[in-house]
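Written below as structure tokens is the structure these notes are about.
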Amino acid sequence: KAGVTQTPRYLIKTRGQQVTLSCSPISGHRSVSWYQQTPGQGLQFLFEYFSETQRNKGNFPGRFSGRQFSNSRSEMNVSTLELGDSALYLCASSLFPTIGTDTQYFGPGTRLTVL
Amino acid sequence: SQQGEEDPQALSIQEGENATMNCSYKTSINNLQWYRQNSGRGLVHLILIRSNEREKHSGRLRVTLDTSKKSSSLLITASRAADTASYFCAPSGGSYIPTFGRGTSLIVHP
């Protein structure tokens with residue numbers, strides 16, 4: 001089975017712009033979670049989608065949003081980019097929602113740099 | 001949600017030695033997972049231990065869980081240079097959202 005894929009792998013944007021990141025889960029997995037990883041804050045949970053519904057959300061401003069499509073692929077969007085949004089954005093998929101204590105499989109991440 | 005805190009922040013050992021890293025958390029959990037991350041890449045799941053389990057093994061990995069002390073440890077035996085990575089614990093509580101700590105950076109010198 002193919003693993004979790006994320007596109008693009010690297011992205012450079014300027015402050016004020018918006019960005020959309022994409023995640024394709026492992027075939028058959030219906031849960032997709034997003035995380036932001038920075039040296040200062042570590043790995044922080046953004047949100048989780050299961051069957052096109054957001055089930056959990058982390059403590060991030062409304063500039064961060066996401067959605068999930070019927071084929072379980074997910075996108076996250078960050079509007080009005082700030083320098084502090086520079087980070088590695090990781091997507092993880094699991095068969096069941098995390099509420100089922102299922103193992104998460106991570107993608108390689110998208111490295112976003114905001115100038 | 002709650003966050004695990006790994007200790008030490010950094011660990012440097014020689015190939016063949018054992019590596020032990022610890023994780024502490026604050027509130028009750030349903031399970032705790034350990035992950036490995038190679039530099040700048042995604043996380044790889046290592047082990048999940050449930051709150052009613054005390055010890056679990058997987059190859060050269062041994063995880064213990066002490067819910068009374070709200071702590072877990074990950075032991076890597078006979079370490080190899082390829083074990084060089086950051087290791088994260090992720091305790092999950094009532095909401096089951098795994099919440100990661102800052103990780104332990106392990107360097108294994110050949």
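Residues are named by chain letter and number: chains run A, B, ... in the order of the structure tokens, numbers start at 1 in each chain, and ligands are numbered from 1 in the order shown.
Taking chain A and asking which residues DSSP calls helix (DSSP H, G or I) on the backbone, you get Leu83, Gly84, Asp85, Thr98, Ile99 and Gly100 of chain A.
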Report as an NGL selection string the set of chain A residues whose atoms approach chain B to within 12 Å, with distances computed over only C-alpha atoms. :A and (3-6 or 9-10 or 33-48 or 55-59 or 87-94 or 96-111)
With distances taken over only C-alpha atoms, which residue among A:Glu75, A:Arg30, A:Phe64, A:Lys13 lies nearest Leu95 (chain A)? A:Arg30
Shell around Thr53 (chain A) at 10 Å using only C-alpha atoms, local window under 5 positions removed, as a PDB file with N, CA, C and O atoms, in the first residue's frame:
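Output (result_23.pdb):
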```pdb
ATOM      1  N   SER A  31      -9.581   8.720   8.412  1.00  0.00           N
ATOM      2  CA  SER A  31      -9.273   9.798   9.350  1.00  0.00           C
ATOM      3  C   SER A  31      -7.982  10.479   8.935  1.00  0.00           C
ATOM      4  O   SER A  31      -6.980   9.817   8.642  1.00  0.00           O
ATOM      5  N   GLU A  48      -8.532  17.411  13.094  1.00  0.00           N
ATOM      6  CA  GLU A  48      -8.728  16.042  12.625  1.00  0.00           C
ATOM      7  C   GLU A  48     -10.058  15.976  11.884  1.00  0.00           C
ATOM      8  O   GLU A  48     -11.060  16.553  12.323  1.00  0.00           O
ATOM      9  N   GLY A  66      -9.396  23.702   7.396  1.00  0.00           N
ATOM     10  CA  GLY A  66      -9.176  22.487   6.617  1.00  0.00           C
ATOM     11  C   GLY A  66     -10.482  21.943   6.097  1.00  0.00           C
ATOM     12  O   GLY A  66     -11.566  22.448   6.412  1.00  0.00           O
ATOM     13  N   ARG A  67     -10.351  20.925   5.301  1.00  0.00           N
ATOM     14  CA  ARG A  67     -11.534  20.202   4.850  1.00  0.00           C
ATOM     15  C   ARG A  67     -11.126  18.821   4.381  1.00  0.00           C
ATOM     16  O   ARG A  67      -9.932  18.561   4.121  1.00  0.00           O
ATOM     17  N   GLN A  68     -12.094  17.971   4.273  1.00  0.00           N
ATOM     18  CA  GLN A  68     -11.847  16.611   3.794  1.00  0.00           C
ATOM     19  C   GLN A  68     -12.872  16.294   2.717  1.00  0.00           C
ATOM     20  O   GLN A  68     -14.047  16.624   2.844  1.00  0.00           O
ATOM     21  N   PHE A  69     -12.404  15.635   1.692  1.00  0.00           N
ATOM     22  CA  PHE A  69     -13.264  15.298   0.570  1.00  0.00           C
ATOM     23  C   PHE A  69     -13.811  13.878   0.716  1.00  0.00           C
ATOM     24  O   PHE A  69     -13.361  13.110   1.572  1.00  0.00           O
TER      25      PHE A  69
END
```
Write out as a VMD selection string all residues of chain A that DSSP puts in strand (DSSP E) for this structure's backbone. chain A and resid 5 to 7 10 to 13 19 to 24 31 to 38 42 to 50 53 to 57 64 to 68 74 to 78 87 to 94 105 to 106 110 to 114
Please produce a file of the residues just selected, as a JSON list (two decimals), in the first residue's frame, where the atoms kept are C-alpha atoms.
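out.json, written as the output of this step:
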```json
[["chain", "number", "residue", "atom", "x", "y", "z"],
["A", 5, "THR", "CA", 1.49, 11.58, 0.55],
["A", 6, "GLN", "CA", 1.69, 15.31, 1.00],
["A", 7, "THR", "CA", 2.04, 17.97, -1.64],
["A", 10, "TYR", "CA", 8.39, 22.55, 0.00],
["A", 11, "LEU", "CA", 6.74, 25.92, -0.29],
["A", 12, "ILE", "CA", 7.94, 29.51, 0.00],
["A", 13, "LYS", "CA", 5.39, 32.27, 0.50],
["A", 19, "VAL", "CA", -1.48, 28.70, 1.12],
["A", 20, "THR", "CA", -3.20, 25.36, 0.58],
["A", 21, "LEU", "CA", -1.55, 22.08, 1.49],
["A", 22, "SER", "CA", -2.78, 18.70, 0.38],
["A", 23, "CYS", "CA", -2.74, 15.28, 2.00],
["A", 24, "SER", "CA", -3.71, 11.92, 0.54],
["A", 31, "SER", "CA", -9.27, 9.80, 9.35],
["A", 32, "VAL", "CA", -6.81, 12.59, 8.59],
["A", 33, "SER", "CA", -5.10, 14.74, 11.20],
["A", 34, "TRP", "CA", -2.88, 17.76, 10.69],
["A", 35, "TYR", "CA", 0.02, 18.90, 12.86],
["A", 36, "GLN", "CA", 2.35, 21.87, 12.88],
["A", 37, "GLN", "CA", 5.94, 21.33, 13.95],
["A", 38, "THR", "CA", 8.28, 24.20, 14.85],
["A", 42, "GLY", "CA", 7.26, 21.34, 19.04],
["A", 43, "LEU", "CA", 4.57, 19.24, 17.43],
["A", 44, "GLN", "CA", 1.11, 20.72, 17.82],
["A", 45, "PHE", "CA", -2.23, 19.29, 16.80],
["A", 46, "LEU", "CA", -4.19, 21.40, 14.31],
["A", 47, "PHE", "CA", -7.33, 19.43, 13.49],
["A", 48, "GLU", "CA", -8.73, 16.04, 12.63],
["A", 49, "TYR", "CA", -11.22, 15.05, 9.98],
["A", 50, "PHE", "CA", -13.18, 11.85, 9.69],
["A", 53, "THR", "CA", -16.38, 16.15, 9.28],
["A", 54, "GLN", "CA", -14.02, 18.01, 11.55],
["A", 55, "ARG", "CA", -14.01, 16.04, 14.78],
["A", 56, "ASN", "CA", -11.34, 17.80, 16.80],
["A", 57, "LYS", "CA", -9.55, 21.11, 16.61],
["A", 64, "PHE", "CA", -6.00, 27.85, 9.86],
["A", 65, "SER", "CA", -8.76, 25.82, 8.28],
["A", 66, "GLY", "CA", -9.18, 22.49, 6.62],
["A", 67, "ARG", "CA", -11.53, 20.20, 4.85],
["A", 68, "GLN", "CA", -11.85, 16.61, 3.79],
["A", 74, "SER", "CA", -7.69, 16.49, 2.91],
["A", 75, "GLU", "CA", -6.51, 20.03, 2.44],
["A", 76, "MET", "CA", -5.51, 22.61, 4.96],
["A", 77, "ASN", "CA", -5.48, 26.31, 4.26],
["A", 78, "VAL", "CA", -3.65, 29.10, 6.01],
["A", 87, "ALA", "CA", 6.93, 25.24, 9.97],
["A", 88, "LEU", "CA", 6.81, 21.62, 8.92],
["A", 89, "TYR", "CA", 3.16, 20.67, 8.42],
["A", 90, "LEU", "CA", 2.52, 17.00, 8.95],
["A", 91, "CYS", "CA", -0.50, 15.02, 7.94],
["A", 92, "ALA", "CA", -1.38, 11.66, 9.47],
["A", 93, "SER", "CA", -4.00, 9.11, 8.53],
["A", 94, "SER", "CA", -5.62, 6.29, 10.43],
["A", 105, "TYR", "CA", 0.64, 6.96, 9.85],
["A", 106, "PHE", "CA", 2.44, 10.17, 9.01],
["A", 110, "THR", "CA", 5.30, 20.05, 3.78],
["A", 111, "ARG", "CA", 8.03, 22.52, 4.71],
["A", 112, "LEU", "CA", 6.48, 26.00, 4.56],
["A", 113, "THR", "CA", 8.72, 29.06, 4.69],
["A", 114, "VAL", "CA", 7.12, 32.47, 5.05]]
```
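Note that the spacing between CA of Leu81 (chain A) and CA of Pro25 (chain A) amounts to 25.5 Å.
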Which residue out of B:Pro110, B:Pro8, B:Gly16, B:Pro91 has the minimum interatomic distance to Ser79 (chain B) when only C-alpha atoms are used? B:Gly16
Would you mind listing what lies within 7 Å of region 80-84 of chain B as a ChimeraX atom specification, with only C-alpha atoms counted and same-chain residues fewer than 5 positions away left out? /B:15-16,106-110
